[in-house]
>>> print(open('protein14.txt').read())   # compact mmCIF, C-alpha atoms
# COMPACT_ATOMS: atom_id res chain seq x y z
CA MET X 1 77.09 108.87 60.75
CA LYS X 2 74.55 107.75 58.18
CA VAL X 3 75.84 107.25 54.62
CA ALA X 4 73.32 106.54 51.87
CA THR X 5 73.10 105.82 48.17
CA PHE X 6 70.08 106.56 45.99
CA ASN X 7 69.64 106.14 42.24
CA VAL X 8 67.10 108.91 41.76
CA ASN X 9 66.35 108.13 38.08
CA GLY X 10 66.20 111.81 37.16
CA VAL X 11 67.09 114.34 39.84
CA ASN X 12 64.84 117.12 38.55
CA GLY X 13 61.84 115.04 37.53
CA ARG X 14 61.85 113.26 40.90
CA LEU X 15 63.09 116.16 43.02
CA PRO X 16 60.02 116.12 45.31
CA VAL X 17 60.77 112.49 46.17
CA LEU X 18 64.43 113.22 46.88
CA LEU X 19 63.67 116.26 49.03
CA ARG X 20 60.96 114.43 50.98
CA TRP X 21 63.31 111.54 51.70
CA LEU X 22 66.17 113.86 52.73
CA GLU X 23 63.89 115.77 55.08
CA GLU X 24 62.34 112.68 56.64
CA GLU X 25 65.42 110.46 57.00
CA GLN X 26 68.20 113.08 57.26
CA PRO X 27 71.14 110.99 56.04
CA ASP X 28 74.49 112.67 56.69
CA ILE X 29 76.21 111.84 53.39
CA VAL X 30 74.41 110.78 50.21
CA CYS X 31 75.62 109.45 46.88
CA LEU X 32 73.17 110.00 44.01
CA GLN X 33 73.12 108.31 40.62
CA GLU X 34 71.32 108.79 37.32
CA LEU X 35 70.96 112.54 37.70
CA LYS X 36 70.08 112.76 33.99
CA ALA X 37 70.86 116.47 34.11
CA PRO X 38 73.66 118.61 32.66
CA GLN X 39 76.05 120.32 35.04
CA ASP X 40 74.14 123.62 35.05
CA LYS X 41 70.75 122.02 35.75
CA PHE X 42 71.51 120.32 39.06
CA PRO X 43 69.02 121.54 41.73
CA ALA X 44 71.70 122.74 44.14
CA ALA X 45 69.59 125.53 45.66
CA ALA X 46 66.69 123.25 46.64
CA ILE X 47 69.09 120.75 48.19
CA ARG X 48 71.01 123.52 49.97
CA ASP X 49 67.76 124.75 51.51
CA LEU X 50 67.60 121.44 53.40
CA GLY X 51 71.10 121.98 54.78
CA TYR X 52 73.12 119.93 52.28
CA ASP X 53 76.23 120.94 50.39
CA ALA X 54 76.72 119.13 47.10
CA ILE X 55 79.17 118.35 44.34
CA TRP X 56 78.01 116.75 41.12
CA HIS X 57 79.22 115.40 37.81
CA GLY X 58 76.36 115.97 35.41
CA GLN X 59 75.52 114.74 31.92
CA LYS X 60 72.60 115.64 29.70
CA SER X 61 69.85 112.99 29.58
CA TRP X 62 71.99 110.12 30.94
CA ASN X 63 74.12 109.02 33.88
CA GLY X 64 75.34 111.67 36.35
CA VAL X 65 76.53 111.26 39.95
CA ALA X 66 76.60 113.51 43.01
CA ILE X 67 77.68 113.59 46.65
CA LEU X 68 75.68 115.49 49.29
CA SER X 69 76.73 116.29 52.85
CA ARG X 70 75.19 117.92 55.89
CA VAL X 71 78.13 117.10 58.16
CA GLY X 72 80.91 119.25 56.78
CA GLU X 73 82.61 120.45 53.64
CA ILE X 74 82.96 118.22 50.62
CA HIS X 75 86.53 118.15 49.38
CA GLU X 76 86.43 116.66 45.90
CA THR X 77 89.32 114.31 45.17
CA ARG X 78 88.33 112.84 41.81
CA ARG X 79 85.70 112.77 39.07
CA GLY X 80 85.94 109.90 36.66
CA LEU X 81 88.08 106.80 37.11
CA PRO X 82 91.79 106.90 36.26
CA ASP X 83 92.67 106.03 32.65
CA ASP X 84 89.05 106.14 31.48
CA PRO X 85 89.16 106.55 27.69
CA ASP X 86 85.54 107.76 27.60
CA SER X 87 85.29 110.90 29.72
CA THR X 88 81.86 111.72 28.28
CA GLN X 89 80.06 109.34 30.67
CA SER X 90 79.61 110.80 34.17
CA ARG X 91 79.83 107.71 36.35
CA TYR X 92 82.24 108.33 39.24
CA ILE X 93 82.83 111.10 41.78
CA GLU X 94 84.94 110.99 44.94
CA ALA X 95 85.46 113.27 47.90
CA ALA X 96 86.74 113.54 51.44
CA VAL X 97 83.83 114.27 53.79
CA ASN X 98 83.84 114.37 57.58
CA GLY X 99 86.92 112.17 57.92
CA ILE X 100 86.14 109.53 55.30
CA ILE X 101 86.65 109.10 51.56
CA VAL X 102 83.40 108.59 49.67
CA GLY X 103 83.38 107.18 46.15
CA GLY X 104 80.02 107.49 44.43
CA LEU X 105 79.57 105.37 41.32
CA TYR X 106 77.11 104.35 38.64
CA LEU X 107 78.44 101.23 36.98
CA PRO X 108 77.30 100.64 33.37
CA ASN X 109 74.25 98.47 32.78
CA GLY X 110 75.94 96.49 30.00
CA ASN X 111 72.91 95.25 28.09
CA PRO X 112 72.57 93.84 25.54
CA ARG X 113 74.99 91.02 26.20
CA PRO X 114 77.12 90.20 24.29
CA GLY X 115 78.00 93.42 22.55
CA PRO X 116 79.96 96.67 22.88
CA LYS X 117 77.92 97.88 25.88
CA PHE X 118 78.75 94.71 27.78
CA ASP X 119 82.42 95.01 26.84
CA TYR X 120 82.38 98.60 28.12
CA LYS X 121 80.87 97.43 31.40
CA LEU X 122 83.62 94.85 31.92
CA ALA X 123 86.35 97.36 31.06
CA TRP X 124 84.86 99.98 33.41
CA PHE X 125 84.63 97.41 36.20
CA GLU X 126 88.30 96.50 35.70
CA ARG X 127 89.27 100.18 36.08
CA LEU X 128 87.17 100.34 39.23
CA LEU X 129 89.02 97.32 40.61
CA THR X 130 92.36 99.01 39.98
CA HIS X 131 91.27 102.24 41.65
CA ALA X 132 89.62 100.41 44.55
CA ALA X 133 92.87 98.54 45.21
CA ALA X 134 94.72 101.87 45.35
CA LEU X 135 92.18 103.23 47.82
CA LEU X 136 92.63 100.18 50.05
CA ALA X 137 96.40 100.50 49.85
CA SER X 138 96.11 104.03 51.23
CA GLY X 139 94.74 102.65 54.49
CA LEU X 140 92.16 105.42 54.60
CA PRO X 141 88.55 104.91 55.71
CA VAL X 142 86.61 104.58 52.45
CA VAL X 143 83.02 103.94 51.38
CA LEU X 144 82.26 102.91 47.79
CA ALA X 145 78.55 103.51 47.28
CA GLY X 146 76.22 103.46 44.33
CA ASP X 147 74.34 101.52 41.71
CA PHE X 148 76.73 98.72 40.77
CA ASN X 149 74.28 97.14 38.30
CA VAL X 150 75.21 93.67 39.53
CA MET X 151 73.33 91.08 41.57
CA PRO X 152 76.20 89.32 43.34
CA THR X 153 74.44 86.02 44.09
CA GLU X 154 71.20 84.17 43.41
CA ALA X 155 69.97 85.41 46.80
CA ASP X 156 70.03 88.95 45.38
CA VAL X 157 67.50 88.45 42.60
CA TYR X 158 63.88 87.33 42.37
CA ARG X 159 63.59 84.29 40.08
CA PRO X 160 67.30 84.12 39.16
CA GLU X 161 66.63 81.63 36.36
CA ARG X 162 65.02 84.48 34.40
CA TRP X 163 68.21 86.58 34.51
CA VAL X 164 70.81 84.13 33.24
CA ASP X 165 71.36 86.08 29.99
CA ASP X 166 71.26 89.55 31.52
CA ALA X 167 74.38 91.70 31.90
CA LEU X 168 73.52 92.43 35.55
CA PHE X 169 73.71 88.73 36.42
CA ALA X 170 76.38 87.58 33.99
CA PRO X 171 79.02 85.25 35.44
CA GLU X 172 81.78 87.61 34.30
CA VAL X 173 80.22 90.54 36.15
CA ARG X 174 79.54 88.56 39.31
CA ALA X 175 83.14 87.34 39.23
CA LEU X 176 84.37 90.94 39.05
CA TYR X 177 82.25 91.86 42.05
CA ALA X 178 83.67 88.87 43.94
CA ARG X 179 87.18 90.06 43.05
CA LEU X 180 86.30 93.47 44.46
CA LEU X 181 85.19 91.96 47.76
CA GLY X 182 88.29 89.78 47.67
CA GLN X 183 90.44 92.89 47.87
CA GLY X 184 89.13 93.42 51.40
CA TRP X 185 85.91 95.39 50.99
CA THR X 186 82.86 94.56 53.12
CA ASP X 187 79.43 94.38 51.48
CA SER X 188 77.58 96.16 54.29
CA LEU X 189 74.06 94.87 53.74
CA ARG X 190 75.16 91.26 53.40
CA ALA X 191 77.56 91.52 56.33
CA LEU X 192 74.74 92.53 58.67
CA HIS X 193 71.90 90.60 57.00
CA PRO X 194 73.53 87.45 55.59
CA ASP X 195 70.36 85.37 55.24
CA GLU X 196 67.63 87.91 54.51
CA THR X 197 65.91 88.64 51.21
CA ILE X 198 67.04 92.17 50.36
CA TYR X 199 66.17 94.12 47.24
CA THR X 200 66.96 97.72 46.32
CA PHE X 201 65.32 97.89 42.87
CA TRP X 202 61.89 96.97 41.57
CA ASP X 203 60.94 97.45 37.92
CA TYR X 204 57.99 99.67 37.02
CA PHE X 205 56.39 96.83 35.06
CA ARG X 206 54.34 93.77 36.03
CA ASN X 207 53.67 95.09 39.55
CA ALA X 208 57.22 94.17 40.54
CA TYR X 209 57.15 96.25 43.71
CA GLY X 210 53.81 94.88 44.83
CA ARG X 211 55.01 91.32 44.26
CA ASN X 212 58.42 92.07 45.79
CA ALA X 213 60.03 90.85 42.57
CA GLY X 214 63.21 92.83 43.01
CA LEU X 215 66.95 92.98 42.62
CA ARG X 216 69.77 93.98 44.95
CA ILE X 217 72.02 96.13 42.79
CA ASP X 218 72.73 99.15 45.03
CA HIS X 219 75.65 98.52 47.36
CA LEU X 220 77.72 100.23 50.02
CA LEU X 221 81.18 98.71 50.41
CA VAL X 222 83.40 99.75 53.30
CA SER X 223 87.15 99.43 53.63
CA PRO X 224 88.78 97.55 56.52
CA ALA X 225 89.37 100.88 58.29
CA LEU X 226 85.58 101.30 58.57
CA ALA X 227 84.37 97.71 58.90
CA GLY X 228 84.63 97.78 62.68
CA ARG X 229 82.39 100.85 62.78
CA LEU X 230 79.60 99.30 60.72
CA ASP X 231 76.60 99.54 63.03
CA ASP X 232 73.55 99.19 60.79
CA ALA X 233 72.58 98.75 57.13
CA GLN X 234 69.07 99.14 55.74
CA VAL X 235 66.94 99.81 52.68
CA ASP X 236 64.26 102.51 52.82
CA ARG X 237 61.94 100.23 50.89
CA HIS X 238 58.85 102.35 51.54
CA VAL X 239 60.22 105.15 49.35
CA ARG X 240 59.76 102.89 46.31
CA GLY X 241 56.04 102.99 47.03
CA TRP X 242 55.76 106.78 46.86
CA GLU X 243 54.07 108.53 43.95
CA LYS X 244 56.30 109.30 40.94
CA THR X 245 59.29 107.74 42.67
CA SER X 246 62.45 106.11 41.37
CA ASP X 247 62.55 102.39 40.61
CA HIS X 248 65.36 102.19 43.20
CA ALA X 249 65.01 102.61 46.96
CA PRO X 250 67.53 104.52 49.09
CA THR X 251 70.02 102.23 50.79
CA TRP X 252 72.17 103.24 53.73
CA ILE X 253 74.62 102.33 56.45
CA ARG X 254 75.28 103.78 59.87
CA LEU X 255 78.86 104.09 61.07
CA ALA X 256 79.48 104.26 64.80
CA ASP X 257 81.72 107.00 66.12
CA GLY X 258 84.02 104.48 67.79
CA GLY X 259 84.09 100.72 67.22
CA ALA X 260 86.86 98.28 66.57
CA ALA X 261 90.33 99.50 65.84
CA PRO X 262 90.91 100.64 62.25
CA GLY X 263 91.82 97.73 60.03
CA SER X 264 90.25 95.07 62.23
CA GLY X 265 87.73 94.27 59.50
CA ARG X 266 85.11 93.13 62.01
CA PRO X 267 81.54 94.33 61.38
CA GLY X 268 79.69 95.94 64.24
CA ARG X 269 76.62 94.50 65.91
CA ARG X 270 73.80 93.22 63.74
CA ARG X 271 70.30 94.57 63.84
CA LYS X 272 67.36 92.60 62.53
CA GLY X 273 64.96 93.85 59.94
CA LEU X 274 65.20 96.06 56.89
CA GLY X 275 63.58 99.47 56.49
>>> encode(input="protein14.txt", output="structure tokens")
Amino acid sequence: MKVATFNVNGVNGRLPVLLRWLEEEQPDIVCLQELKAPQDKFPAAAIRDLGYDAIWHGQKSWNGVAILSRVGEIHETRRGLPDDPDSTQSRYIEAAVNGIIVGGLYLPNGNPRPGPKFDYKLAWFERLLTHAAALLASGLPVVLAGDFNVMPTEADVYRPERWVDDALFAPEVRALYARLLGQGWTDSLRALHPDETIYTFWDYFRNAYGRNAGLRIDHLLVSPALAGRLDDAQVDRHVRGWEKTSDHAPTWIRLADGGAAPGSGRPGRRRKGLG
């Protein structure tokens, strides 16, 4: 089963890119971020024509998250994190799909730092940590996928010295991500490609994509119940080169049908190379 995340940077404006990618790569479950569309403007019909069901949590002009599936019904379990005092920002959606729990998220950017936006990012991340711990405690197979807006290490950013003051690379944010992994989650891309240069985002400016001056900010974390089934993890980097595309590239994992016993926490076999 192929589970993907894609920050589309406007689901309607970049719908041809999304539909082309869905048709060519045929992921089974997809988490989308930055829909930038109100609830009644989500392009459900066009996506359904490709064989995907969908649930979405829209917001006019900003944010917005969705889950798509072509492998069974989507049973929504949550929209928004518990105890979120600001329900106006559509940043989290969760569902049971084909035997796993999928949490799709769009973590706040947090810039400028310091300031109220950065404080909001830290508070939102803390609520995510609390909810993630509850998901782990359930023992269920869970994937947390989305745009985390954090580069976990210096290996995840081109020219890290240029990002020392940015909210995506702030020590506080990286420490929160490390705490999340410390709960028992597996960072799929890093687990299977520990030493490779991997980016999922390239800015539109200064020919960032052409120079491969990127960031790794889109992540798929799997719970111990799924770690033994982790078979592959890749970035569809070529999609970033398409016309009128997002500044993010789709990122995905493949889960084997069998694998190690649930809870073993051992990644599956590694495959070289990124898409």
>>> closest_atom_pairs(input="protein14.txt", of="segment 132-245 of chain X", to="segment 52-66 of chain X", cutoff="12 Å", atoms="all atoms listed in the file", output="JSON lines")
{"residue": "X:Ala145", "atom": "CA", "partner": "X:Val65", "partner_atom": "CA", "distance": 10.9}
{"residue": "X:Gly146", "atom": "CA", "partner": "X:Val65", "partner_atom": "CA", "distance": 9.0}
{"residue": "X:Asp147", "atom": "CA", "partner": "X:Val65", "partner_atom": "CA", "distance": 10.1}
>>> atom_distance(input="protein14.txt", atom1="atom CA of Ala249 of chain X", atom2="atom CA of Ala132 of chain X")
24.8 Å
>>> atom_distance(input="protein14.txt", atom1="atom CA of Ala175 of chain X", atom2="atom CA of Glu126 of chain X")
11.1 Å
>>> residues_around(input="protein14.txt", residues="Leu81 of chain X", least_positions_apart="5", cutoff="9 Å", atoms="only C-alpha atoms", output="list in words")
Ser87, Arg91, Tyr92, Ile93, Trp124, Arg127, Leu128 and His131 of chain X
>>> atom_distance(input="protein14.txt", atom1="atom CA of Leu220 of chain X", atom2="atom CA of Leu176 of chain X")
15.8 Å
>>> closest_residue(input="protein14.txt", among="X:Val222, X:Leu136, X:Leu129, X:Ala178", to="Ala191 of chain X", atoms="only C-alpha atoms")
X:Val222
>>> closest_atom_pairs(input="protein14.txt", of="segment 128-238 of chain X", to="segment 107-121 of chain X", cutoff="7 Å", atoms="all atoms listed in the file", output="tab-separated table")
residue	atom	partner	partner_atom	distance
X:Asp147	CA	X:Leu107	CA	6.3
X:Phe148	CA	X:Leu107	CA	4.9
X:Asn149	CA	X:Asn109	CA	5.7
X:Asp166	CA	X:Arg113	CA	6.7
X:Ala167	CA	X:Gly110	CA	5.4
X:Leu168	CA	X:Asn109	CA	6.7
>>> residues_around(input="protein14.txt", residues="Leu32 of chain X", least_positions_apart="6", cutoff="7 Å", atoms="only C-alpha atoms", output="PDB file with C-alpha atoms, in the coordinates of the input")
ATOM      1  CA  THR X   5      73.100 105.820  48.170  1.00  0.00           C
ATOM      2  CA  PHE X   6      70.080 106.560  45.990  1.00  0.00           C
ATOM      3  CA  ASN X   7      69.640 106.140  42.240  1.00  0.00           C
ATOM      4  CA  VAL X   8      67.100 108.910  41.760  1.00  0.00           C
ATOM      5  CA  VAL X  65      76.530 111.260  39.950  1.00  0.00           C
ATOM      6  CA  ALA X  66      76.600 113.510  43.010  1.00  0.00           C
ATOM      7  CA  ILE X  67      77.680 113.590  46.650  1.00  0.00           C
TER       8      ILE X  67
END
>>> decode(input="protein14.txt", residues="segment 119-132 of chain X", atoms="all heavy atoms", output="PDB file, in the first residue's frame")
ATOM      1  N   ASP X 119       5.105  31.602  18.400  1.00  0.00           N
ATOM      2  CA  ASP X 119       4.514  31.067  19.631  1.00  0.00           C
ATOM      3  C   ASP X 119       3.369  30.112  19.304  1.00  0.00           C
ATOM      4  O   ASP X 119       3.209  29.066  19.948  1.00  0.00           O
ATOM      5  CB  ASP X 119       3.995  32.204  20.513  1.00  0.00           C
ATOM      6  CG  ASP X 119       5.114  33.096  21.029  1.00  0.00           C
ATOM      7  OD1 ASP X 119       6.278  32.643  21.041  1.00  0.00           O
ATOM      8  OD2 ASP X 119       4.821  34.245  21.419  1.00  0.00           O
ATOM      9  N   TYR X 120       2.566  30.479  18.295  1.00  0.00           N
ATOM     10  CA  TYR X 120       1.458  29.613  17.877  1.00  0.00           C
ATOM     11  C   TYR X 120       1.985  28.283  17.338  1.00  0.00           C
ATOM     12  O   TYR X 120       1.426  27.215  17.618  1.00  0.00           O
ATOM     13  CB  TYR X 120       0.612  30.327  16.822  1.00  0.00           C
ATOM     14  CG  TYR X 120      -0.536  29.499  16.298  1.00  0.00           C
ATOM     15  CD1 TYR X 120      -1.672  29.274  17.064  1.00  0.00           C
ATOM     16  CD2 TYR X 120      -0.490  28.934  15.025  1.00  0.00           C
ATOM     17  CE1 TYR X 120      -2.717  28.513  16.587  1.00  0.00           C
ATOM     18  CE2 TYR X 120      -1.537  28.176  14.538  1.00  0.00           C
ATOM     19  CZ  TYR X 120      -2.649  27.976  15.325  1.00  0.00           C
ATOM     20  OH  TYR X 120      -3.691  27.212  14.852  1.00  0.00           O
ATOM     21  N   LYS X 121       3.070  28.353  16.588  1.00  0.00           N
ATOM     22  CA  LYS X 121       3.665  27.123  16.049  1.00  0.00           C
ATOM     23  C   LYS X 121       4.092  26.187  17.177  1.00  0.00           C
ATOM     24  O   LYS X 121       3.813  24.983  17.139  1.00  0.00           O
ATOM     25  CB  LYS X 121       4.860  27.469  15.162  1.00  0.00           C
ATOM     26  CG  LYS X 121       5.596  26.247  14.612  1.00  0.00           C
ATOM     27  CD  LYS X 121       6.668  26.643  13.619  1.00  0.00           C
ATOM     28  CE  LYS X 121       7.241  25.416  12.921  1.00  0.00           C
ATOM     29  NZ  LYS X 121       7.973  25.754  11.690  1.00  0.00           N
ATOM     30  N   LEU X 122       4.772  26.731  18.167  1.00  0.00           N
ATOM     31  CA  LEU X 122       5.239  25.907  19.285  1.00  0.00           C
ATOM     32  C   LEU X 122       4.059  25.299  20.043  1.00  0.00           C
ATOM     33  O   LEU X 122       4.090  24.110  20.416  1.00  0.00           O
ATOM     34  CB  LEU X 122       6.103  26.736  20.229  1.00  0.00           C
ATOM     35  CG  LEU X 122       7.405  27.309  19.651  1.00  0.00           C
ATOM     36  CD1 LEU X 122       8.142  28.104  20.729  1.00  0.00           C
ATOM     37  CD2 LEU X 122       8.298  26.201  19.107  1.00  0.00           C
ATOM     38  N   ALA X 123       3.025  26.101  20.277  1.00  0.00           N
ATOM     39  CA  ALA X 123       1.856  25.598  21.001  1.00  0.00           C
ATOM     40  C   ALA X 123       1.144  24.507  20.200  1.00  0.00           C
ATOM     41  O   ALA X 123       0.690  23.498  20.763  1.00  0.00           O
ATOM     42  CB  ALA X 123       0.900  26.737  21.316  1.00  0.00           C
ATOM     43  N   TRP X 124       1.031  24.701  18.883  1.00  0.00           N
ATOM     44  CA  TRP X 124       0.384  23.701  18.030  1.00  0.00           C
ATOM     45  C   TRP X 124       1.189  22.404  18.034  1.00  0.00           C
ATOM     46  O   TRP X 124       0.622  21.304  18.107  1.00  0.00           O
ATOM     47  CB  TRP X 124       0.269  24.249  16.613  1.00  0.00           C
ATOM     48  CG  TRP X 124      -0.781  23.581  15.769  1.00  0.00           C
ATOM     49  CD1 TRP X 124      -2.058  24.010  15.570  1.00  0.00           C
ATOM     50  CD2 TRP X 124      -0.632  22.377  14.997  1.00  0.00           C
ATOM     51  NE1 TRP X 124      -2.722  23.136  14.736  1.00  0.00           N
ATOM     52  CE2 TRP X 124      -1.867  22.121  14.360  1.00  0.00           C
ATOM     53  CE3 TRP X 124       0.408  21.483  14.790  1.00  0.00           C
ATOM     54  CZ2 TRP X 124      -2.087  21.031  13.528  1.00  0.00           C
ATOM     55  CZ3 TRP X 124       0.201  20.377  13.966  1.00  0.00           C
ATOM     56  CH2 TRP X 124      -1.028  20.161  13.351  1.00  0.00           C
ATOM     57  N   PHE X 125       2.496  22.529  17.985  1.00  0.00           N
ATOM     58  CA  PHE X 125       3.371  21.352  17.995  1.00  0.00           C
ATOM     59  C   PHE X 125       3.212  20.590  19.319  1.00  0.00           C
ATOM     60  O   PHE X 125       3.201  19.352  19.338  1.00  0.00           O
ATOM     61  CB  PHE X 125       4.819  21.777  17.784  1.00  0.00           C
ATOM     62  CG  PHE X 125       5.647  20.799  17.013  1.00  0.00           C
ATOM     63  CD1 PHE X 125       6.641  21.241  16.145  1.00  0.00           C
ATOM     64  CD2 PHE X 125       5.480  19.435  17.152  1.00  0.00           C
ATOM     65  CE1 PHE X 125       7.422  20.356  15.429  1.00  0.00           C
ATOM     66  CE2 PHE X 125       6.256  18.527  16.445  1.00  0.00           C
ATOM     67  CZ  PHE X 125       7.225  18.994  15.578  1.00  0.00           C
ATOM     68  N   GLU X 126       3.097  21.310  20.419  1.00  0.00           N
ATOM     69  CA  GLU X 126       2.898  20.652  21.713  1.00  0.00           C
ATOM     70  C   GLU X 126       1.583  19.862  21.728  1.00  0.00           C
ATOM     71  O   GLU X 126       1.525  18.746  22.262  1.00  0.00           O
ATOM     72  CB  GLU X 126       2.903  21.676  22.845  1.00  0.00           C
ATOM     73  CG  GLU X 126       4.274  22.270  23.165  1.00  0.00           C
ATOM     74  CD  GLU X 126       5.183  21.314  23.934  1.00  0.00           C
ATOM     75  OE1 GLU X 126       4.772  20.169  24.226  1.00  0.00           O
ATOM     76  OE2 GLU X 126       6.323  21.725  24.242  1.00  0.00           O
ATOM     77  N   ARG X 127       0.521  20.429  21.145  1.00  0.00           N
ATOM     78  CA  ARG X 127      -0.746  19.699  21.076  1.00  0.00           C
ATOM     79  C   ARG X 127      -0.619  18.471  20.183  1.00  0.00           C
ATOM     80  O   ARG X 127      -1.210  17.422  20.470  1.00  0.00           O
ATOM     81  CB  ARG X 127      -1.856  20.627  20.565  1.00  0.00           C
ATOM     82  CG  ARG X 127      -2.353  21.615  21.608  1.00  0.00           C
ATOM     83  CD  ARG X 127      -3.613  22.326  21.172  1.00  0.00           C
ATOM     84  NE  ARG X 127      -3.376  23.202  20.026  1.00  0.00           N
ATOM     85  CZ  ARG X 127      -2.922  24.443  20.133  1.00  0.00           C
ATOM     86  NH1 ARG X 127      -2.663  24.966  21.330  1.00  0.00           N
ATOM     87  NH2 ARG X 127      -2.741  25.177  19.051  1.00  0.00           N
ATOM     88  N   LEU X 128       0.155  18.605  19.106  1.00  0.00           N
ATOM     89  CA  LEU X 128       0.401  17.437  18.257  1.00  0.00           C
ATOM     90  C   LEU X 128       1.130  16.344  19.030  1.00  0.00           C
ATOM     91  O   LEU X 128       0.793  15.153  18.904  1.00  0.00           O
ATOM     92  CB  LEU X 128       1.226  17.848  17.031  1.00  0.00           C
ATOM     93  CG  LEU X 128       1.630  16.693  16.100  1.00  0.00           C
ATOM     94  CD1 LEU X 128       0.408  16.032  15.483  1.00  0.00           C
ATOM     95  CD2 LEU X 128       2.585  17.193  15.011  1.00  0.00           C
ATOM     96  N   LEU X 129       2.119  16.724  19.822  1.00  0.00           N
ATOM     97  CA  LEU X 129       2.844  15.743  20.628  1.00  0.00           C
ATOM     98  C   LEU X 129       1.900  14.991  21.565  1.00  0.00           C
ATOM     99  O   LEU X 129       1.997  13.764  21.706  1.00  0.00           O
ATOM    100  CB  LEU X 129       3.938  16.444  21.434  1.00  0.00           C
ATOM    101  CG  LEU X 129       5.233  16.767  20.692  1.00  0.00           C
ATOM    102  CD1 LEU X 129       6.037  17.804  21.465  1.00  0.00           C
ATOM    103  CD2 LEU X 129       6.061  15.505  20.493  1.00  0.00           C
ATOM    104  N   THR X 130       1.002  15.713  22.195  1.00  0.00           N
ATOM    105  CA  THR X 130       0.058  15.084  23.115  1.00  0.00           C
ATOM    106  C   THR X 130      -0.845  14.099  22.379  1.00  0.00           C
ATOM    107  O   THR X 130      -1.070  12.967  22.837  1.00  0.00           O
ATOM    108  CB  THR X 130      -0.789  16.154  23.816  1.00  0.00           C
ATOM    109  OG1 THR X 130       0.075  17.020  24.562  1.00  0.00           O
ATOM    110  CG2 THR X 130      -1.794  15.527  24.769  1.00  0.00           C
ATOM    111  N   HIS X 131      -1.359  14.523  21.232  1.00  0.00           N
ATOM    112  CA  HIS X 131      -2.244  13.640  20.471  1.00  0.00           C
ATOM    113  C   HIS X 131      -1.475  12.452  19.896  1.00  0.00           C
ATOM    114  O   HIS X 131      -1.977  11.317  19.893  1.00  0.00           O
ATOM    115  CB  HIS X 131      -2.925  14.429  19.359  1.00  0.00           C
ATOM    116  CG  HIS X 131      -3.925  13.631  18.591  1.00  0.00           C
ATOM    117  ND1 HIS X 131      -4.997  12.995  19.197  1.00  0.00           N
ATOM    118  CD2 HIS X 131      -4.020  13.327  17.260  1.00  0.00           C
ATOM    119  CE1 HIS X 131      -5.715  12.357  18.285  1.00  0.00           C
ATOM    120  NE2 HIS X 131      -5.132  12.534  17.109  1.00  0.00           N
ATOM    121  N   ALA X 132      -0.265  12.689  19.423  1.00  0.00           N
ATOM    122  CA  ALA X 132       0.555  11.606  18.872  1.00  0.00           C
ATOM    123  C   ALA X 132       0.847  10.547  19.932  1.00  0.00           C
ATOM    124  O   ALA X 132       0.835   9.341  19.640  1.00  0.00           O
ATOM    125  CB  ALA X 132       1.860  12.166  18.314  1.00  0.00           C
TER     126      ALA X 132
END
